[in-house]
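protein_36.txt, holding compact mmCIF, C-alpha atoms:
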```txt
# COMPACT_ATOMS: atom_id res chain seq x y z
CA MET A 1 166.17 -41.83 260.31
CA LYS A 2 169.39 -39.82 260.40
CA ARG A 3 169.22 -36.18 259.42
CA SER A 4 171.83 -34.13 257.65
CA PHE A 5 173.63 -31.10 259.01
CA SER A 6 171.40 -29.91 261.85
CA LEU A 7 172.97 -27.37 264.19
CA PRO A 8 174.29 -29.99 266.68
CA THR A 9 175.68 -32.04 263.80
CA SER A 10 177.30 -28.97 262.23
CA VAL A 11 178.97 -28.14 265.54
CA LEU A 12 180.22 -31.72 265.78
CA LEU A 13 181.65 -31.60 262.26
CA ALA A 14 183.35 -28.23 262.77
CA SER A 15 184.85 -29.22 266.10
CA GLY A 16 185.80 -32.66 264.71
CA LEU A 17 187.70 -30.99 261.89
CA GLY A 18 189.39 -28.88 264.56
CA LEU A 19 190.33 -31.98 266.56
CA VAL A 20 191.94 -33.60 263.52
CA ALA A 21 193.72 -30.34 262.69
CA ALA A 22 195.02 -30.07 266.25
CA THR A 23 196.09 -33.67 266.90
CA TYR A 24 197.67 -34.12 263.46
CA GLY A 25 198.77 -30.70 262.19
CA LEU A 26 199.46 -28.81 265.41
CA VAL A 27 200.93 -31.67 267.44
CA ARG A 28 201.98 -34.86 265.63
CA LEU A 29 203.26 -33.54 262.30
CA ALA A 30 204.53 -30.24 263.74
CA PHE A 31 207.46 -32.15 265.25
CA GLY A 32 209.56 -31.64 262.12
CA LEU A 33 208.59 -27.96 262.01
CA PHE A 34 209.94 -27.21 265.48
CA LEU A 35 212.80 -29.73 265.43
CA PRO A 36 215.67 -27.38 264.37
CA ASP A 37 214.91 -24.94 267.19
CA VAL A 38 214.46 -27.72 269.75
CA GLN A 39 217.78 -29.30 268.74
CA ARG A 40 219.54 -25.98 269.16
CA ASP A 41 218.14 -25.45 272.67
CA LEU A 42 218.34 -29.00 274.05
CA GLY A 43 221.51 -29.98 272.19
CA PHE A 44 220.70 -33.36 270.64
CA GLY A 45 221.60 -34.67 267.20
CA THR A 46 219.71 -35.82 264.14
CA ASP A 47 219.84 -39.45 265.25
CA VAL A 48 217.88 -38.64 268.41
CA GLY A 49 215.38 -36.62 266.38
CA GLY A 50 214.83 -39.59 264.09
CA ALA A 51 214.40 -41.94 267.03
CA VAL A 52 211.79 -39.69 268.64
CA SER A 53 209.90 -39.38 265.36
CA SER A 54 210.02 -43.15 264.95
CA GLY A 55 208.69 -43.71 268.46
CA ALA A 56 205.91 -41.21 267.85
CA SER A 57 204.83 -43.18 264.78
CA VAL A 58 204.77 -46.41 266.80
CA LEU A 59 202.54 -44.81 269.44
CA TYR A 60 200.32 -43.40 266.71
CA CYS A 61 199.83 -46.94 265.37
CA THR A 62 199.02 -48.16 268.87
CA GLY A 63 196.44 -45.42 269.28
CA ALA A 64 194.91 -46.21 265.88
CA VAL A 65 194.55 -49.91 266.74
CA VAL A 66 193.00 -49.11 270.12
CA GLY A 67 190.68 -46.62 268.46
CA PHE A 68 189.60 -49.12 265.82
CA LEU A 69 188.75 -51.68 268.50
CA LEU A 70 186.91 -49.31 270.84
CA ALA A 71 185.29 -46.73 268.55
CA GLY A 72 182.02 -48.64 268.27
CA ARG A 73 181.54 -48.69 272.06
CA ALA A 74 183.29 -45.59 273.40
CA ALA A 75 183.84 -43.02 270.65
CA ARG A 76 183.28 -40.01 272.95
CA TRP A 77 185.80 -41.29 275.47
CA LEU A 78 188.30 -41.89 272.70
CA VAL A 79 187.95 -38.16 271.98
CA VAL A 80 188.85 -37.49 275.61
CA GLY A 81 191.88 -39.76 275.31
CA ALA A 82 192.94 -38.07 272.07
CA ALA A 83 192.67 -34.57 273.53
CA LEU A 84 194.47 -35.47 276.76
CA THR A 85 197.38 -37.36 275.20
CA ALA A 86 197.95 -34.81 272.43
CA GLY A 87 197.18 -31.71 274.50
CA LEU A 88 199.00 -32.59 277.71
CA GLY A 89 201.80 -34.20 275.71
CA ALA A 90 202.34 -30.97 273.79
CA ILE A 91 202.26 -28.88 276.97
CA THR A 92 204.77 -31.23 278.64
CA THR A 93 206.95 -31.03 275.55
CA ALA A 94 206.87 -27.23 275.84
CA ALA A 95 207.97 -27.42 279.48
CA SER A 96 210.69 -30.07 279.01
CA ALA A 97 214.14 -29.21 280.26
CA THR A 98 215.90 -32.38 279.10
CA THR A 99 216.02 -34.45 275.94
CA VAL A 100 214.50 -37.46 277.71
CA VAL A 101 211.43 -35.56 278.91
CA PHE A 102 211.03 -33.91 275.52
CA GLY A 103 211.28 -37.25 273.68
CA VAL A 104 208.82 -39.09 275.92
CA ALA A 105 206.29 -36.23 275.79
CA ALA A 106 206.53 -35.93 271.98
CA VAL A 107 206.03 -39.68 271.57
CA VAL A 108 203.00 -39.76 273.88
CA ALA A 109 201.49 -36.69 272.20
CA SER A 110 201.43 -38.50 268.86
CA THR A 111 199.03 -41.09 270.30
CA GLY A 112 196.23 -38.53 270.20
CA ALA A 113 196.05 -38.47 266.42
CA GLY A 114 195.73 -42.26 266.30
CA LEU A 115 192.81 -42.13 268.74
CA ALA A 116 191.08 -39.15 267.10
CA SER A 117 190.52 -40.52 263.59
CA PRO A 118 188.52 -43.69 264.40
CA ALA A 119 186.56 -41.79 267.06
CA MET A 120 185.46 -39.12 264.59
CA VAL A 121 184.66 -41.67 261.88
CA GLN A 122 182.33 -43.44 264.33
CA LEU A 123 180.71 -40.23 265.59
CA VAL A 124 180.03 -38.95 262.07
CA ALA A 125 178.68 -42.33 260.94
CA GLY A 126 176.29 -42.28 263.89
CA ARG A 127 174.77 -38.99 262.80
CA LEU A 128 174.52 -39.16 259.02
CA ASP A 129 173.76 -41.53 256.18
CA GLY A 130 174.62 -41.88 252.51
CA ALA A 131 176.12 -39.00 250.56
CA ALA A 132 175.81 -36.61 253.52
CA ARG A 133 177.89 -38.98 255.63
CA ASP A 134 180.59 -39.31 252.95
CA ARG A 135 180.84 -35.53 252.54
CA ALA A 136 181.04 -35.09 256.30
CA GLN A 137 183.79 -37.71 256.65
CA ALA A 138 185.77 -35.92 253.93
CA VAL A 139 185.34 -32.57 255.69
CA VAL A 140 186.44 -33.85 259.10
CA ASN A 141 189.41 -35.80 257.78
CA SER A 142 190.66 -32.86 255.72
CA GLY A 143 191.74 -31.18 258.95
CA THR A 144 195.39 -32.22 258.65
CA GLY A 145 196.17 -29.63 255.95
CA PRO A 146 194.65 -26.66 257.80
CA GLY A 147 196.35 -27.90 260.96
CA LEU A 148 199.73 -27.80 259.24
CA VAL A 149 199.01 -24.30 257.98
CA ALA A 150 197.99 -23.20 261.49
CA ALA A 151 201.18 -24.69 262.93
CA GLY A 152 203.20 -22.80 260.33
CA VAL A 153 201.49 -19.50 261.12
CA LEU A 154 202.05 -20.12 264.82
CA ALA A 155 205.73 -20.80 264.16
CA LEU A 156 206.02 -17.72 261.94
CA VAL A 157 204.79 -15.55 264.80
CA LEU A 158 206.57 -17.21 267.73
CA LEU A 159 209.77 -18.97 266.60
CA PRO A 160 212.44 -19.34 267.86
CA ASP A 161 210.22 -19.57 270.96
CA TRP A 162 209.12 -23.13 270.24
CA ARG A 163 207.99 -23.65 273.83
CA THR A 164 205.21 -21.08 273.62
CA ALA A 165 204.19 -22.42 270.21
CA TRP A 166 203.85 -25.98 271.48
CA ALA A 167 202.10 -24.87 274.67
CA ALA A 168 199.56 -22.96 272.56
CA ALA A 169 199.03 -26.04 270.39
CA GLY A 170 198.39 -28.11 273.53
CA VAL A 171 195.85 -25.67 274.95
CA VAL A 172 193.99 -25.46 271.61
CA THR A 173 193.88 -29.27 271.43
CA LEU A 174 192.38 -29.57 274.91
CA LEU A 175 189.74 -26.92 274.18
CA VAL A 176 188.64 -28.33 270.84
CA GLY A 177 188.54 -31.84 272.34
CA ALA A 178 186.16 -30.59 275.02
CA VAL A 179 183.90 -29.07 272.36
CA VAL A 180 183.80 -32.35 270.41
CA PHE A 181 182.97 -34.31 273.57
CA LEU A 182 180.07 -31.99 274.41
CA ALA A 183 178.82 -31.81 270.81
CA ALA A 184 178.88 -35.60 270.49
CA GLY A 185 176.50 -35.86 273.43
CA ARG A 186 173.85 -33.71 271.75
CA ARG A 187 171.67 -35.18 269.04
CA ALA A 188 169.43 -33.39 266.60
CA PRO A 189 165.67 -33.92 267.08
CA ASP A 190 164.41 -36.54 264.65
CA ALA A 191 161.79 -39.19 264.28
CA ARG A 192 163.12 -41.05 267.28
CA SER A 193 162.16 -38.15 269.58
CA THR A 194 158.41 -38.30 268.86
CA PRO A 195 156.09 -39.89 271.45
CA ALA A 196 155.15 -42.71 269.09
CA ALA A 197 158.79 -43.46 268.39
CA ALA A 198 159.58 -43.37 272.10
CA GLN A 199 156.72 -45.78 272.80
CA ARG A 200 157.91 -48.16 270.08
CA SER A 201 161.43 -47.97 271.46
CA ALA A 202 160.21 -48.74 274.97
CA LEU A 203 158.21 -51.71 273.76
CA GLN A 204 161.06 -53.08 271.70
CA ARG A 205 163.87 -52.54 274.19
CA PRO A 206 163.26 -55.61 276.41
CA ALA A 207 163.37 -57.87 273.36
CA VAL A 208 166.87 -56.70 272.37
CA ARG A 209 169.64 -58.89 273.75
CA ARG A 210 172.99 -57.16 273.32
CA PRO A 211 175.17 -60.31 273.23
CA ALA A 212 172.95 -61.89 270.58
CA VAL A 213 173.34 -58.83 268.35
CA ARG A 214 177.06 -58.36 268.85
CA ARG A 215 178.33 -61.76 267.90
CA PRO A 216 176.89 -61.90 264.36
CA ALA A 217 177.87 -58.26 263.79
CA LEU A 218 181.43 -59.02 264.85
CA ARG A 219 181.61 -62.01 262.52
CA ALA A 220 180.31 -59.88 259.66
CA ALA A 221 182.90 -57.20 260.38
CA LEU A 222 185.85 -59.58 260.27
CA PRO A 223 187.24 -60.10 256.74
CA GLY A 224 188.09 -63.55 255.49
CA ARG A 225 191.47 -64.94 254.50
CA SER A 226 191.04 -64.07 250.83
CA TRP A 227 190.49 -60.41 251.80
CA PHE A 228 193.89 -60.27 253.47
CA GLY A 229 195.47 -61.83 250.40
CA ALA A 230 193.94 -59.15 248.19
CA GLN A 231 195.41 -56.44 250.43
CA VAL A 232 199.04 -57.53 250.02
CA VAL A 233 200.00 -55.03 247.30
CA PRO A 234 198.31 -52.03 248.98
CA VAL A 235 199.96 -52.97 252.27
CA VAL A 236 203.42 -53.19 250.71
CA VAL A 237 203.16 -49.87 248.88
CA ALA A 238 201.64 -48.13 251.92
CA LEU A 239 204.64 -49.28 253.96
CA LEU A 240 207.03 -47.97 251.28
CA LEU A 241 205.26 -44.60 251.02
CA GLY A 242 205.39 -44.21 254.77
CA ALA A 243 209.11 -45.02 254.88
CA GLY A 244 209.99 -42.67 252.02
CA SER A 245 207.82 -39.77 253.18
CA ALA A 246 209.15 -39.78 256.75
CA VAL A 247 212.24 -37.81 255.76
CA VAL A 248 210.11 -34.80 254.80
CA TRP A 249 207.95 -34.88 257.92
CA THR A 250 211.00 -35.18 260.15
CA TYR A 251 213.80 -33.32 258.36
CA GLY A 252 212.05 -31.22 255.71
CA ARG A 253 212.49 -27.91 257.49
CA SER A 254 215.90 -28.95 258.84
CA ALA A 255 217.10 -29.44 255.25
CA LEU A 256 216.11 -25.87 254.38
CA VAL A 257 217.68 -24.46 257.55
CA GLY A 258 220.89 -26.37 256.83
CA ALA A 259 220.96 -24.97 253.29
CA GLY A 260 220.98 -21.41 254.65
CA VAL A 261 217.37 -20.51 253.83
CA PRO A 262 216.15 -17.72 256.16
CA SER A 263 214.12 -19.01 259.09
CA GLY A 264 210.95 -17.19 258.08
CA LEU A 265 211.02 -18.71 254.60
CA THR A 266 211.51 -22.21 256.01
CA VAL A 267 208.29 -21.75 257.98
CA VAL A 268 206.54 -20.45 254.85
CA ALA A 269 207.63 -23.67 253.14
CA TRP A 270 205.88 -25.64 255.90
CA ILE A 271 202.75 -23.56 255.38
CA ALA A 272 202.99 -24.39 251.66
CA LEU A 273 203.14 -28.08 252.59
CA GLY A 274 199.93 -27.74 254.59
CA ALA A 275 198.26 -25.72 251.85
CA GLY A 276 199.14 -28.45 249.35
CA GLY A 277 197.46 -31.01 251.57
CA ALA A 278 194.38 -28.83 252.04
CA SER A 279 194.07 -28.36 248.26
CA VAL A 280 193.14 -32.03 247.89
CA ALA A 281 189.58 -31.04 248.79
CA VAL A 282 189.54 -28.80 245.70
CA THR A 283 191.19 -31.21 243.27
CA ALA A 284 189.04 -34.16 244.39
CA ARG A 285 186.41 -33.28 241.79
CA TRP A 286 188.92 -34.21 239.07
CA THR A 287 190.78 -37.06 240.78
CA SER A 288 187.85 -38.89 242.36
CA GLY A 289 186.86 -40.43 239.02
CA LEU A 290 190.25 -42.08 238.50
CA PRO A 291 190.74 -45.77 239.29
CA ALA A 292 192.60 -46.18 242.57
CA ALA A 293 195.73 -47.67 240.99
CA ARG A 294 196.02 -44.82 238.48
CA LEU A 295 195.48 -42.20 241.18
CA TRP A 296 198.13 -43.92 243.28
CA LEU A 297 200.65 -43.79 240.43
CA LEU A 298 199.98 -40.09 239.83
CA THR A 299 200.12 -38.96 243.45
CA THR A 300 203.12 -41.00 244.58
CA THR A 301 205.15 -40.14 241.48
CA LEU A 302 204.67 -36.44 242.20
CA ALA A 303 205.51 -37.04 245.86
CA ALA A 304 208.77 -38.77 244.84
CA VAL A 305 209.68 -35.82 242.61
CA ALA A 306 209.00 -33.44 245.49
CA VAL A 307 211.19 -35.40 247.93
CA LEU A 308 214.04 -35.49 245.40
CA THR A 309 213.72 -31.74 244.74
CA LEU A 310 213.87 -30.92 248.44
CA GLY A 311 216.99 -33.04 248.81
CA LEU A 312 218.89 -31.67 245.81
CA LEU A 313 217.68 -28.04 245.69
CA PRO A 314 216.91 -26.95 249.27
CA HIS A 315 218.85 -23.70 248.70
CA VAL A 316 216.63 -22.70 245.75
CA VAL A 317 213.75 -21.14 247.65
CA GLY A 318 211.23 -21.14 244.81
CA ALA A 319 211.86 -24.78 243.98
CA ALA A 320 211.67 -25.74 247.66
CA LEU A 321 208.33 -23.97 248.13
CA VAL A 322 206.83 -25.66 245.08
CA ALA A 323 208.23 -29.02 246.21
CA CYS A 324 206.66 -28.64 249.66
CA ALA A 325 203.25 -27.80 248.21
CA LEU A 326 203.55 -30.67 245.73
CA PHE A 327 204.54 -33.10 248.46
CA GLY A 328 201.62 -31.98 250.64
CA TRP A 329 199.19 -32.60 247.80
CA GLY A 330 200.78 -35.86 246.63
CA TYR A 331 200.99 -37.42 250.08
CA THR A 332 197.48 -36.43 251.14
CA ALA A 333 195.92 -37.49 247.84
CA ALA A 334 197.83 -40.79 248.00
CA THR A 335 196.22 -41.59 251.34
CA GLY A 336 192.88 -41.02 249.62
CA ALA A 337 193.97 -43.41 246.89
CA LEU A 338 194.65 -46.06 249.55
CA ILE A 339 191.10 -45.64 250.86
CA ALA A 340 189.70 -45.95 247.33
CA TRP A 341 191.89 -48.98 246.66
CA THR A 342 190.76 -50.99 249.66
CA THR A 343 187.16 -49.96 248.93
CA GLU A 344 187.48 -51.32 245.38
CA ILE A 345 188.74 -54.59 246.83
CA ASP A 346 185.81 -55.00 249.24
CA GLN A 347 183.38 -52.17 249.93
CA ASP A 348 181.81 -54.01 252.88
CA HIS A 349 185.14 -54.00 254.73
CA ALA A 350 186.39 -50.58 253.63
CA ALA A 351 186.71 -49.37 257.23
CA ALA A 352 188.85 -52.34 258.22
CA GLY A 353 190.97 -51.92 255.08
CA THR A 354 191.48 -48.22 255.75
CA ALA A 355 192.54 -48.89 259.33
CA LEU A 356 194.96 -51.61 258.18
CA LEU A 357 196.58 -49.46 255.47
CA PHE A 358 196.89 -46.36 257.64
CA VAL A 359 198.53 -48.30 260.46
CA VAL A 360 200.98 -49.82 257.96
CA LEU A 361 201.61 -46.36 256.43
CA VAL A 362 202.60 -44.88 259.78
CA ALA A 363 204.59 -48.00 260.70
CA GLY A 364 206.56 -47.29 257.54
CA GLN A 365 207.09 -43.74 258.78
CA ALA A 366 208.52 -45.15 262.00
CA LEU A 367 211.03 -47.22 260.03
CA GLY A 368 211.81 -44.38 257.63
CA ALA A 369 212.35 -41.80 260.38
CA ALA A 370 214.74 -44.09 262.25
CA ALA A 371 216.68 -44.90 259.07
CA ALA A 372 216.86 -41.25 258.01
CA GLY A 373 218.08 -40.25 261.47
CA VAL A 374 220.98 -42.68 261.18
CA LEU A 375 221.80 -41.78 257.57
CA VAL A 376 221.47 -38.00 257.41
CA GLY A 377 224.43 -37.29 259.71
CA PRO A 378 227.19 -39.24 257.94
CA ALA A 379 225.72 -39.25 254.40
CA GLY A 380 224.20 -35.79 254.23
CA THR A 381 220.83 -34.35 253.30
CA ALA A 382 221.08 -34.87 249.53
CA THR A 383 221.87 -38.58 249.80
CA THR A 384 219.24 -39.22 252.46
CA PHE A 385 216.48 -37.45 250.53
CA THR A 386 217.51 -39.13 247.27
CA ALA A 387 217.28 -42.55 248.91
CA ALA A 388 213.87 -41.64 250.33
CA ALA A 389 212.66 -40.46 246.91
CA ALA A 390 213.75 -43.79 245.44
CA VAL A 391 211.68 -45.64 248.05
CA VAL A 392 208.60 -43.56 247.17
CA ALA A 393 209.25 -44.20 243.47
CA VAL A 394 209.30 -47.95 244.14
CA ALA A 395 205.98 -47.54 245.96
CA ALA A 396 204.59 -45.75 242.89
CA THR A 397 205.67 -48.37 240.35
CA THR A 398 205.15 -51.61 242.29
CA PRO A 399 201.45 -51.95 241.32
CA LEU A 400 202.41 -51.56 237.65
CA VAL A 401 205.02 -54.31 237.92
CA VAL A 402 202.59 -56.63 239.70
CA ALA A 403 199.83 -55.93 237.15
CA ARG A 404 202.11 -56.68 234.20
CA ARG A 405 203.26 -59.91 235.79
CA ASP A 406 199.65 -60.98 236.42
CA LEU A 407 198.70 -60.17 232.81
CA ARG A 408 201.62 -62.12 231.34
CA PRO A 409 200.37 -65.22 229.49
CA ALA A 410 201.01 -68.48 231.22
CA ALA A 411 203.73 -70.72 229.85
CA PRO A 412 202.37 -73.57 227.71
CA THR A 413 202.17 -76.92 229.41
CA ARG A 414 203.47 -80.08 227.86
```
Represent the structure from my file as structure tokens, please.
Amino acid sequence: MKRSFSLPTSVLLASGLGLVAATYGLVRLAFGLFLPDVQRDLGFGTDVGGAVSSGASVLYCTGAVVGFLLAGRAARWLVVGAALTAGLGAITTAASATTVVFGVAAVVASTGAGLASPAMVQLVAGRLDGAARDRAQAVVNSGTGPGLVAAGVLALVLLPDWRTAWAAAGVVTLLVGAVVFLAAGRRAPDARSTPAAAQRSALQRPAVRRPAVRRPALRAALPGRSWFGAQVVPVVVALLLGAGSAVVWTYGRSALVGAGVPSGLTVVAWIALGAGGASVAVTARWTSGLPAARLWLLTTTLAAVAVLTLGLLPHVVGAALVACALFGWGYTAATGALIAWTTEIDQDHAAAGTALLFVVLVAGQALGAAAAGVLVGPAGTATTFTAAAAVVAVAATTPLVVARRDLRPAAPTR
């Protein structure tokens, strides 16, 4: 019997939220926050920035796949890998003297976020059941928004000293990773700790053959061909959302800096982005009852409007702040819609569907960051952001188009 929210479990949840906040908000997604200052000091262009962001997304996908495959057997050690790659990567980034060292370190650091998510999902699932487990998963995975806010506050205090900011992010990541690793090794006392339970466990243990248990479980975990066919539309729109959103994560603050917005206000805009993402936990009580397709349309449409506003009105500070908050909410809530969507398709394989869609989402970010890096120099910020907004709008409307086509009456046969 799994118990809910004992002290060891509460420590695990709090530190797990911190790990997600650190690997995502302080390290991976903070790249776009620090990019203008790094470019000024190391002297590279927007194309290089886009290439580094693209490579970071590829390594994130690699980490997510590795995490998905290994989480069931080595979740605690995945936490170690997440903390080391993100923490040491951020510290190396802070110490880099050349563009090459900076780029490699930033790409490697992004791997940590890909490893952290499946590890924490597995650790939480091993402690809790039912509604308590679902609430705990939501709490831990909401760490990205607070992490973005923390990165913004750190930047507000330290920029233009981006090196100290990134070094601090690396140290925090290593520390919180150590806490998660230790907390994951402690279990709350429950029925399994009683003498009778221990005796039953000892009697039953010789009869358990690990290979005999694994093979059927593995077969049950693998979806069939029809499952993959049902995932085609979510996969396509996840790829499009990732591609269109990459311009904000990579060049959102750069667009404001280029428009002449004071540096402090550009950082406040990033904090607004994180606050928008964190607010999803509050609005979930109203959005959780919506069908996944309707929630997807709402969230991605608002995200497209936000991207377009940032591209056309970066010099209007009020509009830019609202757009950042709106984008943070729309993007984060859209990822929740993807989870709900794949769960509606097949609840038994929701974990596999979530992993698939999130890897595709970030693969789209890799493509979008590379494309934006090539386009923003010759075409300008307004054109690049407008093109990205159009991609997100296509992601929003594609399910509607597909649904109308499927509902169209078949042509009469002769």
**OP:** Would you kindly return, as an MDAnalysis selection string, each protein, DNA or RNA residue with an atom no farther than 12 Å from any atom of Gly16 of chain A, considering all atoms listed in the file and excluding same-chain residues fewer than 4 positions away?
**Re:** chainID A and resid 8:12 20:23 76 79 82:83 113 116:124 136:144 173 175:184
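What separates atom CA of Thr98 of chain A from atom CA of Leu265 of chain A is a distance of 28.5 Å.
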Subject >> Using only C-alpha atoms: which of A:Leu148, A:Val48, A:Val153, A:Val108 has the shortest distance to Tyr24 of chain A >> reply: A:Leu148
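Nearest residue to Arg133 of chain A, choosing from A:Leu159, A:Ala106, A:Leu78, A:Leu13 and counting all atoms listed in the file: A:Leu13.
Atom pair atom CA of Phe68 of chain A / atom CA of Val394 of chain A: separated by 29.3 Å.
For Asp41 of chain A, the non-local neighbours within 12 Å, defined as residues at least 6 positions apart in the same chain or in other chains and counting all atoms listed in the file, are Phe34, Leu35, Ala94, Ser96, Ala97, Thr98, Thr99, Phe102, Pro160, Asp161, Trp162 and Arg163 of chain A.
In this comparison, which uses only C-alpha atoms, the residue of A:Val362, A:Gly229, A:Asp37, A:Thr111 approaching Asp346 of chain A most closely is A:Gly229.
Separating atom CA of Ala165 of chain A from atom CA of Leu19 of chain A is a distance of 17.2 Å.
Across A:Gly224, A:Gly373, A:Gly244, A:Pro291, the tightest approach to Gly353 of chain A is made by A:Gly224 when counting only C-alpha atoms.
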What box, with edges along x, y and z, holds each listed atom of segment 374-390 of chain A when 4 Å is added on every side, and can you state its centre and edge lengths in Å to one decimal, as AutoDock Vina command-line options?
```
--center_x 219.9 --center_y -39.1 --center_z 253.3 --size_x 22.5 --size_y 17.4 --size_z 23.7
```
**OP:** Skip Val261 of chain A itself and residues of its chain fewer than 2 positions away, then list as a list in words all residues within 12 Å of it, counting only C-alpha atoms.
**Re:** Arg253, Ser254, Ala255, Leu256, Val257, Gly258, Ala259, Ser263, Gly264, Leu265, Thr266, Val267, Val268, Ala269, Leu313, Pro314, His315, Val316, Val317, Gly318, Ala320 and Leu321 of chain A
